[in-house]
Amino acid sequence: MLRTRANALAVAGRADEARRVVAEFLRLDPNSAASQVAAGCTLRLLGETDEAIEHFYKSLHLDPASSETHRVLGLARLDQERTAEAKHHLQQAVELDPASKSAARALKKIETKPLRGRARALLEQQQYRDAEQVYRRIIEIDPADNLAFSMLASMLPRQHRYEEALQRAEEAVRLRPKSSLGRHTLGRALCALERNEEALTQAQEAIGLDPTCLLYYRLPPVIYFDLEQYSQMLAATEQGLRIKADDPGLLRLRARAQAGLGLEDEAISAATAWLAEKPNEFLHNLSAGYVFLLLKKFQRAEACFRKAYELEPQRLAGRLWLGLTCFQLGDFAHAKPLLEQILSLNPFTRRAREAMERMQGADIKP
């Protein structure tokens, strides 16, 4: 069918061919409302929103009671951020066809748009509890909003609510299984619970759904680090660096993987460069600490982790790795309270739990 063919060409980015097919079916049936709306849909796929709207209005002139035309016209007006007109046409679509889920969903998006802006502003101010309440309100309005569930899942670990974060992430994926962000967020939630094999599956699924998003390439190396699989960690890091060769996060992960593989010169060169560049940067000290710890340079690792912990004591990573390094040094008096704090906030932290069991087994007291 010509209309289906036009859309397929538009999706494939073959704009000139799509336009030729549109011209052909309009020539064959210029006074058909269905042909006019189909032409508009193809043009909208090509990013030609203004021209698409002209065809939608022609379709409405031919068939004023078309729910579908009101729906696509409303969506096109949303593309232009002309909210009042979009709302009018979407309401018409729902009145004409109460079963139009797409139109009803778009109306809910219009209703929640101001709330999304408010939530983003709160996140920028790091007011996570207030942002959480806004996202919960969005879900009350639109229980099918997968993005709101993903955002909740990404915020809850900051409040050490790891199991709830997993539930929200799973709901986001249930609502939209092909969402790359949903899969990535589910991977992070599983990683926080140290369900690493499952986390890795979700992380790789996210990359497969959107191979251009640099953010997604940072999760697999973190998972491989926790699994102590440093060859795979290095390979995953290099995969991300092929997208952006100078990404700071991936470069830090690469140096950590190199240290795990005993590539001392490369890893230490990177770590010393970070510390020289920004000696009071949390991530630089934390990352250098990983390098020195993996190379069994425990005194230098302890200094870096202590600095990271002092810079940002609210972040668990500095506290965890300072405690683990103190444990390696036999400084149980400092290790035990730090690791107890970690386990009180996240009882799923395997390394902290194992270190505590070993200290308790030896009947060591601070």
# chains A, B, ... in the order shown; residues from 1 in each chain; ligands from 1
$ select_by_dssp --residues "segment 98-230 of chain A" --states "helix (DSSP H, G or I)" --output "compact mmCIF listing (two decimals) with C-alpha atoms, in the first residue's frame"
# COMPACT_ATOMS: atom_id res chain seq x y z
CA LYS A 101 -5.43 5.89 24.28
CA SER A 102 -2.81 7.90 22.41
CA ALA A 103 -4.83 11.11 22.60
CA ALA A 104 -5.68 10.56 26.26
CA ARG A 105 -2.02 9.91 27.03
CA ALA A 106 -0.93 13.08 25.23
CA LEU A 107 -3.44 15.09 27.27
CA LYS A 108 -1.90 13.70 30.44
CA LYS A 109 1.54 14.73 29.19
CA ILE A 110 0.26 18.27 28.72
CA GLU A 111 -1.10 18.23 32.27
CA THR A 112 2.16 16.95 33.74
CA LYS A 113 4.51 19.18 31.70
CA PRO A 114 4.72 21.94 34.37
CA LEU A 115 5.40 19.29 36.99
CA ARG A 116 8.30 17.93 34.93
CA GLY A 117 9.84 21.38 34.80
CA ARG A 118 9.48 21.68 38.56
CA ALA A 119 11.05 18.26 39.10
CA ARG A 120 14.03 19.10 36.88
CA ALA A 121 14.63 22.32 38.81
CA LEU A 122 14.55 20.44 42.12
CA LEU A 123 17.00 17.85 40.81
CA GLU A 124 19.40 20.61 39.74
CA TYR A 128 15.78 14.86 45.91
CA ARG A 129 12.96 14.30 48.39
CA ASP A 130 10.95 17.20 46.96
CA ALA A 131 11.65 15.99 43.41
CA GLU A 132 10.48 12.53 44.43
CA GLN A 133 7.12 13.94 45.55
CA VAL A 134 6.69 15.73 42.23
CA TYR A 135 7.36 12.55 40.27
CA ARG A 136 4.91 10.68 42.46
CA ARG A 137 2.31 13.30 41.59
CA ILE A 138 3.07 12.81 37.88
CA ILE A 139 2.48 9.07 38.30
CA GLU A 140 -0.84 9.76 40.04
CA ILE A 141 -1.94 11.73 36.98
CA ASN A 146 7.49 5.11 32.27
CA LEU A 147 9.90 8.06 32.42
CA ALA A 148 8.56 9.18 35.80
CA PHE A 149 9.11 5.65 37.16
CA SER A 150 12.67 5.67 35.77
CA MET A 151 13.39 9.02 37.39
CA LEU A 152 12.08 7.77 40.73
CA ALA A 153 14.25 4.69 40.44
CA SER A 154 17.33 6.83 39.81
CA MET A 155 16.67 9.05 42.84
CA LEU A 156 15.70 6.53 45.51
CA PRO A 157 19.23 5.07 45.93
CA ARG A 158 20.36 8.53 47.05
CA GLN A 159 18.06 7.95 50.03
CA TYR A 162 17.53 0.30 47.00
CA GLU A 163 14.78 -2.33 46.89
CA GLU A 164 12.12 0.28 46.21
CA ALA A 165 14.31 1.70 43.44
CA LEU A 166 14.37 -1.75 41.83
CA GLN A 167 10.58 -1.99 41.98
CA ARG A 168 10.19 1.38 40.26
CA ALA A 169 12.77 0.50 37.61
CA GLU A 170 11.01 -2.78 36.88
CA GLU A 171 7.72 -0.95 36.48
CA ALA A 172 9.31 1.49 34.01
CA VAL A 173 10.55 -1.41 31.88
CA ARG A 174 7.19 -3.17 32.08
CA LEU A 175 5.52 -0.04 30.75
CA SER A 180 16.98 2.38 26.60
CA LEU A 181 16.84 4.67 29.64
CA GLY A 182 14.51 2.24 31.40
CA ARG A 183 16.88 -0.67 30.80
CA HIS A 184 19.88 1.39 31.95
CA THR A 185 18.08 2.49 35.11
CA LEU A 186 17.05 -1.09 35.85
CA GLY A 187 20.68 -2.13 35.41
CA ARG A 188 21.80 0.48 37.92
CA ALA A 189 19.15 -0.61 40.43
CA LEU A 190 20.24 -4.23 40.13
CA CYS A 191 23.89 -3.21 40.41
CA ALA A 192 23.19 -1.38 43.68
CA ASN A 196 25.51 -8.18 38.85
CA GLU A 197 24.74 -10.74 36.17
CA GLU A 198 21.19 -9.43 35.85
CA ALA A 199 22.51 -5.86 35.92
CA LEU A 200 24.93 -6.61 33.10
CA THR A 201 22.14 -8.01 30.93
CA GLN A 202 20.12 -4.81 31.36
CA ALA A 203 23.15 -2.57 30.80
CA GLN A 204 23.97 -4.32 27.53
CA GLU A 205 20.33 -4.18 26.47
CA ALA A 206 20.37 -0.39 26.95
CA ILE A 207 23.44 -0.06 24.72
CA GLY A 208 21.82 -2.25 22.11
CA LEU A 209 18.72 -0.05 22.09
CA LEU A 214 27.64 7.61 26.08
CA LEU A 215 26.03 7.33 29.53
CA TYR A 216 25.10 3.71 28.94
CA TYR A 217 28.70 2.64 28.29
CA ARG A 218 29.77 3.59 31.82
CA LEU A 219 27.68 0.97 33.60
CA PRO A 220 29.14 -2.33 32.27
CA PRO A 221 32.71 -1.47 33.42
CA VAL A 222 31.39 -0.72 36.92
CA ILE A 223 29.66 -4.10 37.02
CA TYR A 224 32.76 -5.92 35.76
CA PHE A 225 34.78 -4.15 38.46
CA ASP A 226 32.48 -5.50 41.14
CA TYR A 230 39.23 -6.74 34.76
$ atom_distance --atom1 "atom CA of Glu340 of chain A" --atom2 "atom CA of Leu286 of chain A"
20.0 Å
$ residues_around --residues "Val11 of chain A" --least-positions-apart "4" --cutoff "12 Å" --atoms "only C-alpha atoms" --output "list in words"
Thr4, Arg5, Ala6, Asn7, Ala15, Glu17, Ala18, Cys41, Thr42, Leu43, Arg44, Leu45, Leu46 and Gly47 of chain A
$ write_last_selection --atoms "C-alpha atoms" --output "PDB file, in the first residue's frame"
ATOM      1  CA  THR A   4       2.477   2.394   4.333  1.00  0.00           C
ATOM      2  CA  ARG A   5       5.347   2.539   1.848  1.00  0.00           C
ATOM      3  CA  ALA A   6       5.698   6.305   2.325  1.00  0.00           C
ATOM      4  CA  ASN A   7       5.984   5.960   6.091  1.00  0.00           C
ATOM      5  CA  ALA A  15      13.026  11.607   2.265  1.00  0.00           C
ATOM      6  CA  GLU A  17      11.465   8.773  -2.193  1.00  0.00           C
ATOM      7  CA  ALA A  18       8.904   9.209   0.601  1.00  0.00           C
ATOM      8  CA  CYS A  41       1.809  11.730   8.987  1.00  0.00           C
ATOM      9  CA  THR A  42       4.605  10.988   6.527  1.00  0.00           C
ATOM     10  CA  LEU A  43       5.682  14.636   6.431  1.00  0.00           C
ATOM     11  CA  ARG A  44       5.669  14.764  10.230  1.00  0.00           C
ATOM     12  CA  LEU A  45       8.005  11.773  10.269  1.00  0.00           C
ATOM     13  CA  LEU A  46      10.277  13.757   7.948  1.00  0.00           C
ATOM     14  CA  GLY A  47      10.274  16.681  10.383  1.00  0.00           C
TER      15      GLY A  47
END
$ residues_around --residues "segment 277-279 of chain A" --least-positions-apart "6" --cutoff "12 Å" --atoms "only C-alpha atoms" --output "list of chain:residue names"
A:Ala270, A:Ala271, A:Asn285, A:Leu286, A:Ser287, A:Ala288, A:Ala303, A:Cys304, A:Lys307, A:Ala308, A:Leu311
$ atom_distance --atom1 "atom CA of Phe327 of chain A" --atom2 "atom CA of Leu293 of chain A"
11.7 Å
$ atom_distance --atom1 "atom CA of Gly40 of chain A" --atom2 "atom CA of Arg82 of chain A"
17.4 Å
